[in-house]
file my_file_7.pdb (PDB, C-alpha atoms, pLDDT in the B column)
ATOM      1  CA  MET A   1       3.256  12.903   8.115  1.00 46.00           C
ATOM      2  CA  PRO A   2       4.431  12.222  11.650  1.00 51.00           C
ATOM      3  CA  ASN A   3       1.343  13.933  13.086  1.00 57.00           C
ATOM      4  CA  GLY A   4      -0.050  10.954  14.986  1.00 66.00           C
ATOM      5  CA  LYS A   5      -2.896  10.444  12.504  1.00 73.00           C
ATOM      6  CA  PHE A   6      -3.840   7.636  10.172  1.00 76.00           C
ATOM      7  CA  GLU A   7      -4.675   8.442   6.559  1.00 79.00           C
ATOM      8  CA  LEU A   8      -6.545   6.051   4.266  1.00 75.00           C
ATOM      9  CA  THR A   9      -6.326   6.706   0.542  1.00 77.00           C
ATOM     10  CA  VAL A  10      -8.096   4.905  -2.268  1.00 76.00           C
ATOM     11  CA  CYS A  11      -5.753   5.339  -5.203  1.00 66.00           C
ATOM     12  CA  ASP A  12      -6.633   5.740  -8.845  1.00 60.00           C
ATOM     13  CA  PRO A  13      -4.436   3.403 -10.893  1.00 51.00           C
ATOM     14  CA  ASP A  14      -1.571   5.092 -12.706  1.00 53.00           C
ATOM     15  CA  PRO A  15      -1.612   3.996 -16.373  1.00 53.00           C
ATOM     16  CA  ALA A  16       2.129   4.708 -16.619  1.00 53.00           C
ATOM     17  CA  GLU A  17       2.813   2.141 -13.877  1.00 49.00           C
ATOM     18  CA  ASP A  18       0.300  -0.469 -15.057  1.00 50.00           C
ATOM     19  CA  PRO A  19      -0.675  -0.050 -18.713  1.00 50.00           C
ATOM     20  CA  ASP A  20      -2.734  -3.278 -18.609  1.00 52.00           C
ATOM     21  CA  ASN A  21      -4.999  -1.939 -15.852  1.00 51.00           C
ATOM     22  CA  ASP A  22      -8.645  -1.751 -16.923  1.00 54.00           C
ATOM     23  CA  PRO A  23     -10.487   0.742 -14.680  1.00 55.00           C
ATOM     24  CA  GLU A  24     -13.812  -0.787 -15.751  1.00 53.00           C
ATOM     25  CA  VAL A  25     -12.783  -4.165 -14.282  1.00 50.00           C
ATOM     26  CA  ASP A  26     -10.086  -3.518 -11.685  1.00 63.00           C
ATOM     27  CA  ARG A  27     -10.844  -1.847  -8.382  1.00 68.00           C
ATOM     28  CA  PRO A  28      -8.332   0.702  -7.085  1.00 76.00           C
ATOM     29  CA  PRO A  29      -5.997  -0.211  -4.237  1.00 86.00           C
ATOM     30  CA  ALA A  30      -6.333   1.252  -0.750  1.00 90.00           C
ATOM     31  CA  TYR A  31      -3.297   2.593   1.094  1.00 90.00           C
ATOM     32  CA  LEU A  32      -3.190   3.230   4.830  1.00 90.00           C
ATOM     33  CA  ARG A  33      -0.494   5.686   5.885  1.00 89.00           C
ATOM     34  CA  LEU A  34       0.494   5.094   9.499  1.00 90.00           C
ATOM     35  CA  PRO A  35       1.549   7.904  11.880  1.00 89.00           C
ATOM     36  CA  ASP A  36       5.285   7.355  11.187  1.00 86.00           C
ATOM     37  CA  HIS A  37       4.813   7.737   7.403  1.00 88.00           C
ATOM     38  CA  PRO A  38       7.133  10.553   6.273  1.00 88.00           C
ATOM     39  CA  GLY A  39       4.878  11.621   3.398  1.00 83.00           C
ATOM     40  CA  LYS A  40       4.152  10.948  -0.233  1.00 80.00           C
ATOM     41  CA  GLY A  41       7.168  10.403  -2.457  1.00 83.00           C
ATOM     42  CA  THR A  42       9.403   8.980   0.249  1.00 81.00           C
ATOM     43  CA  PRO A  43      11.164   5.809  -0.921  1.00 86.00           C
ATOM     44  CA  VAL A  44      10.261   2.649   0.985  1.00 88.00           C
ATOM     45  CA  THR A  45      13.198   0.501   2.116  1.00 90.00           C
ATOM     46  CA  THR A  46      11.301  -2.818   2.324  1.00 94.00           C
ATOM     47  CA  THR A  47       7.925  -4.120   1.146  1.00 94.00           C
ATOM     48  CA  VAL A  48       6.629  -7.412   2.542  1.00 96.00           C
ATOM     49  CA  ARG A  49       3.695  -9.364   1.096  1.00 96.00           C
ATOM     50  CA  LEU A  50       1.459 -10.843   3.797  1.00 95.00           C
ATOM     51  CA  SER A  51       1.038 -14.153   1.935  1.00 94.00           C
ATOM     52  CA  ASP A  52       4.841 -14.565   2.018  1.00 94.00           C
ATOM     53  CA  LEU A  53       4.690 -14.597   5.826  1.00 94.00           C
ATOM     54  CA  ILE A  54       1.618 -16.692   6.600  1.00 95.00           C
ATOM     55  CA  ALA A  55      -0.817 -19.022   4.873  1.00 94.00           C
ATOM     56  CA  TYR A  56      -3.310 -16.449   3.666  1.00 89.00           C
ATOM     57  CA  GLU A  57      -5.872 -16.312   0.876  1.00 90.00           C
ATOM     58  CA  GLY A  58      -7.606 -13.100   0.000  1.00 90.00           C
ATOM     59  CA  ALA A  59      -6.769  -9.640  -1.229  1.00 90.00           C
ATOM     60  CA  ASP A  60      -3.065  -8.931  -1.713  1.00 93.00           C
ATOM     61  CA  VAL A  61      -1.760  -7.066   1.338  1.00 94.00           C
ATOM     62  CA  PHE A  62       1.638  -5.382   1.262  1.00 95.00           C
ATOM     63  CA  MET A  63       3.359  -3.763   4.243  1.00 94.00           C
ATOM     64  CA  ASP A  64       5.812  -0.923   3.624  1.00 94.00           C
ATOM     65  CA  PHE A  65       8.752  -0.360   5.951  1.00 94.00           C
ATOM     66  CA  LEU A  66      11.219   2.500   6.232  1.00 93.00           C
ATOM     67  CA  ASP A  67      14.342   1.771   8.270  1.00 91.00           C
ATOM     68  CA  GLY A  68      12.597  -1.072  10.116  1.00 91.00           C
ATOM     69  CA  ARG A  69       9.420   0.890  10.949  1.00 92.00           C
ATOM     70  CA  LEU A  70       6.037  -0.033   9.481  1.00 93.00           C
ATOM     71  CA  ILE A  71       4.854   3.104   7.687  1.00 92.00           C
ATOM     72  CA  GLY A  72       2.038   1.915   5.417  1.00 91.00           C
ATOM     73  CA  ILE A  73      -0.215  -0.918   4.333  1.00 93.00           C
ATOM     74  CA  GLU A  74      -1.529  -1.392   0.791  1.00 92.00           C
ATOM     75  CA  VAL A  75      -4.523  -3.601  -0.010  1.00 93.00           C
ATOM     76  CA  LEU A  76      -5.108  -4.671  -3.613  1.00 90.00           C
ATOM     77  CA  PRO A  77      -8.621  -6.092  -4.070  1.00 80.00           C
TER
END

call {"tool": "encode", "arguments": {"input": "my_file_7.pdb", "output": "structure tokens"}}
result
Amino acid sequence: MPNGKFELTVCDPDPAEDPDNDPEVDRPPAYLRLPDHPGKGTPVTTTVRLSDLIAYEGADVFMDFLDGRLIGIEVLP
């Protein structure tokens, strides 16, 4: 997706990945694909949790990197 655009996706939980997910209670995550994101299905080389970097309380925020470039941000409410 190196088209210079941002893409925000609100994902439906995948029951195969999280069988304990209750769609009636849990809200779906949001994923922001940045302009350098190569597209869906591309393996991420590193994922960093924001709360591991700074003192932060709130929704879980994960940053996805591919070869040292930030390619996406996931927010779990």

call {"tool": "resolve_selection", "arguments": {"input": "my_file_7.pdb", "expression": "the PyMOL selection byres ((chain A and resi 29) around 6)", "output": "list in words"}}
result
Val10, Cys11, Pro28, Ala30, Val75 and Leu76 of chain A

call {"tool": "write_last_selection", "arguments": {"input": "my_file_7.pdb", "atoms": "C-alpha atoms", "output": "CSV table (one decimal), keeping the file's coordinate frame"}}
result
chain,number,residue,atom,x,y,z
A,10,VAL,CA,-8.1,4.9,-2.3
A,11,CYS,CA,-5.8,5.3,-5.2
A,28,PRO,CA,-8.3,0.7,-7.1
A,30,ALA,CA,-6.3,1.3,-0.8
A,75,VAL,CA,-4.5,-3.6,0.0
A,76,LEU,CA,-5.1,-4.7,-3.6

call {"tool": "resolve_selection", "arguments": {"input": "my_file_7.pdb", "expression": "the PyMOL selection byres ((chain A and resi 73) around 8)", "output": "list in words"}}
result
Tyr31, Leu32, Arg33, Leu34, Val61, Phe62, Met63, Asp64, Ile71, Gly72, Glu74 and Val75 of chain A

call {"tool": "atom_distance", "arguments": {"input": "my_file_7.pdb", "atom1": "atom CA of A:Phe6", "atom2": "atom CA of A:Leu70"}}
result
12.5 Å

call {"tool": "closest_residue", "arguments": {"input": "my_file_7.pdb", "among": "A:Ser51, A:Asp36, A:Val44, A:Leu8", "to": "A:Phe65", "atoms": "all atoms listed in the file"}}
result
A:Val44

call {"tool": "axis_aligned_box", "arguments": {"input": "my_file_7.pdb", "around": "stretch 56-69 of chain A", "padding_each_side": "6 Å", "output": "lines of an AutoDock Vina configuration file"}}
result
center_x = 3.4
center_y = -7.0
center_z = 4.6
size_x = 33.9
size_y = 30.9
size_z = 24.7

call {"tool": "atom_distance", "arguments": {"input": "my_file_7.pdb", "atom1": "atom CA of A:Arg69", "atom2": "atom CA of A:Gly39"}}
result
13.9 Å

call {"tool": "atom_distance", "arguments": {"input": "my_file_7.pdb", "atom1": "atom CA of A:Pro77", "atom2": "atom CA of A:Asp60"}}
result
6.7 Å

call {"tool": "build_atoms", "arguments": {"input": "my_file_7.pdb", "residues": "stretch 32-47 of chain A", "atoms": "N, CA, C and O atoms", "output": "JSON list (two decimals), in the coordinates of the input"}}
result
[["chain", "number", "residue", "atom", "x", "y", "z"],
["A", 32, "LEU", "N", -3.08, 2.66, 3.49],
["A", 32, "LEU", "CA", -3.19, 3.23, 4.83],
["A", 32, "LEU", "C", -1.83, 3.75, 5.25],
["A", 32, "LEU", "O", -0.88, 2.98, 5.41],
["A", 33, "ARG", "N", -1.73, 5.08, 5.40],
["A", 33, "ARG", "CA", -0.49, 5.69, 5.88],
["A", 33, "ARG", "C", -0.56, 5.72, 7.41],
["A", 33, "ARG", "O", -1.50, 6.27, 7.98],
["A", 34, "LEU", "N", 0.44, 5.14, 8.04],
["A", 34, "LEU", "CA", 0.49, 5.09, 9.50],
["A", 34, "LEU", "C", 1.16, 6.36, 10.03],
["A", 34, "LEU", "O", 1.80, 7.11, 9.28],
["A", 35, "PRO", "N", 1.03, 6.64, 11.33],
["A", 35, "PRO", "CA", 1.55, 7.90, 11.88],
["A", 35, "PRO", "C", 3.03, 8.17, 11.60],
["A", 35, "PRO", "O", 3.43, 9.32, 11.49],
["A", 36, "ASP", "N", 3.86, 7.14, 11.47],
["A", 36, "ASP", "CA", 5.28, 7.36, 11.19],
["A", 36, "ASP", "C", 5.59, 7.58, 9.71],
["A", 36, "ASP", "O", 6.75, 7.76, 9.34],
["A", 37, "HIS", "N", 4.57, 7.56, 8.84],
["A", 37, "HIS", "CA", 4.81, 7.74, 7.40],
["A", 37, "HIS", "C", 5.36, 9.14, 7.16],
["A", 37, "HIS", "O", 4.76, 10.12, 7.57],
["A", 38, "PRO", "N", 6.51, 9.24, 6.48],
["A", 38, "PRO", "CA", 7.13, 10.55, 6.27],
["A", 38, "PRO", "C", 6.47, 11.41, 5.20],
["A", 38, "PRO", "O", 6.79, 12.58, 5.06],
["A", 39, "GLY", "N", 5.57, 10.84, 4.43],
["A", 39, "GLY", "CA", 4.88, 11.62, 3.40],
["A", 39, "GLY", "C", 5.02, 11.00, 2.03],
["A", 39, "GLY", "O", 5.88, 10.15, 1.78],
["A", 40, "LYS", "N", 4.17, 11.46, 1.13],
["A", 40, "LYS", "CA", 4.15, 10.95, -0.23],
["A", 40, "LYS", "C", 5.48, 11.22, -0.93],
["A", 40, "LYS", "O", 6.08, 12.27, -0.75],
["A", 41, "GLY", "N", 5.93, 10.24, -1.70],
["A", 41, "GLY", "CA", 7.17, 10.40, -2.46],
["A", 41, "GLY", "C", 8.41, 9.91, -1.74],
["A", 41, "GLY", "O", 9.49, 9.92, -2.31],
["A", 42, "THR", "N", 8.26, 9.50, -0.50],
["A", 42, "THR", "CA", 9.40, 8.98, 0.25],
["A", 42, "THR", "C", 9.65, 7.54, -0.16],
["A", 42, "THR", "O", 8.73, 6.73, -0.17],
["A", 43, "PRO", "N", 10.89, 7.19, -0.51],
["A", 43, "PRO", "CA", 11.16, 5.81, -0.92],
["A", 43, "PRO", "C", 11.04, 4.85, 0.26],
["A", 43, "PRO", "O", 11.47, 5.14, 1.37],
["A", 44, "VAL", "N", 10.43, 3.70, -0.01],
["A", 44, "VAL", "CA", 10.26, 2.65, 0.98],
["A", 44, "VAL", "C", 11.50, 1.77, 0.94],
["A", 44, "VAL", "O", 12.01, 1.45, -0.12],
["A", 45, "THR", "N", 12.00, 1.34, 2.11],
["A", 45, "THR", "CA", 13.20, 0.50, 2.12],
["A", 45, "THR", "C", 12.87, -0.97, 1.94],
["A", 45, "THR", "O", 13.64, -1.71, 1.37],
["A", 46, "THR", "N", 11.69, -1.41, 2.43],
["A", 46, "THR", "CA", 11.30, -2.82, 2.32],
["A", 46, "THR", "C", 9.79, -2.91, 2.16],
["A", 46, "THR", "O", 9.05, -2.22, 2.86],
["A", 47, "THR", "N", 9.34, -3.79, 1.27],
["A", 47, "THR", "CA", 7.92, -4.12, 1.15],
["A", 47, "THR", "C", 7.78, -5.62, 1.34],
["A", 47, "THR", "O", 8.50, -6.40, 0.73]]
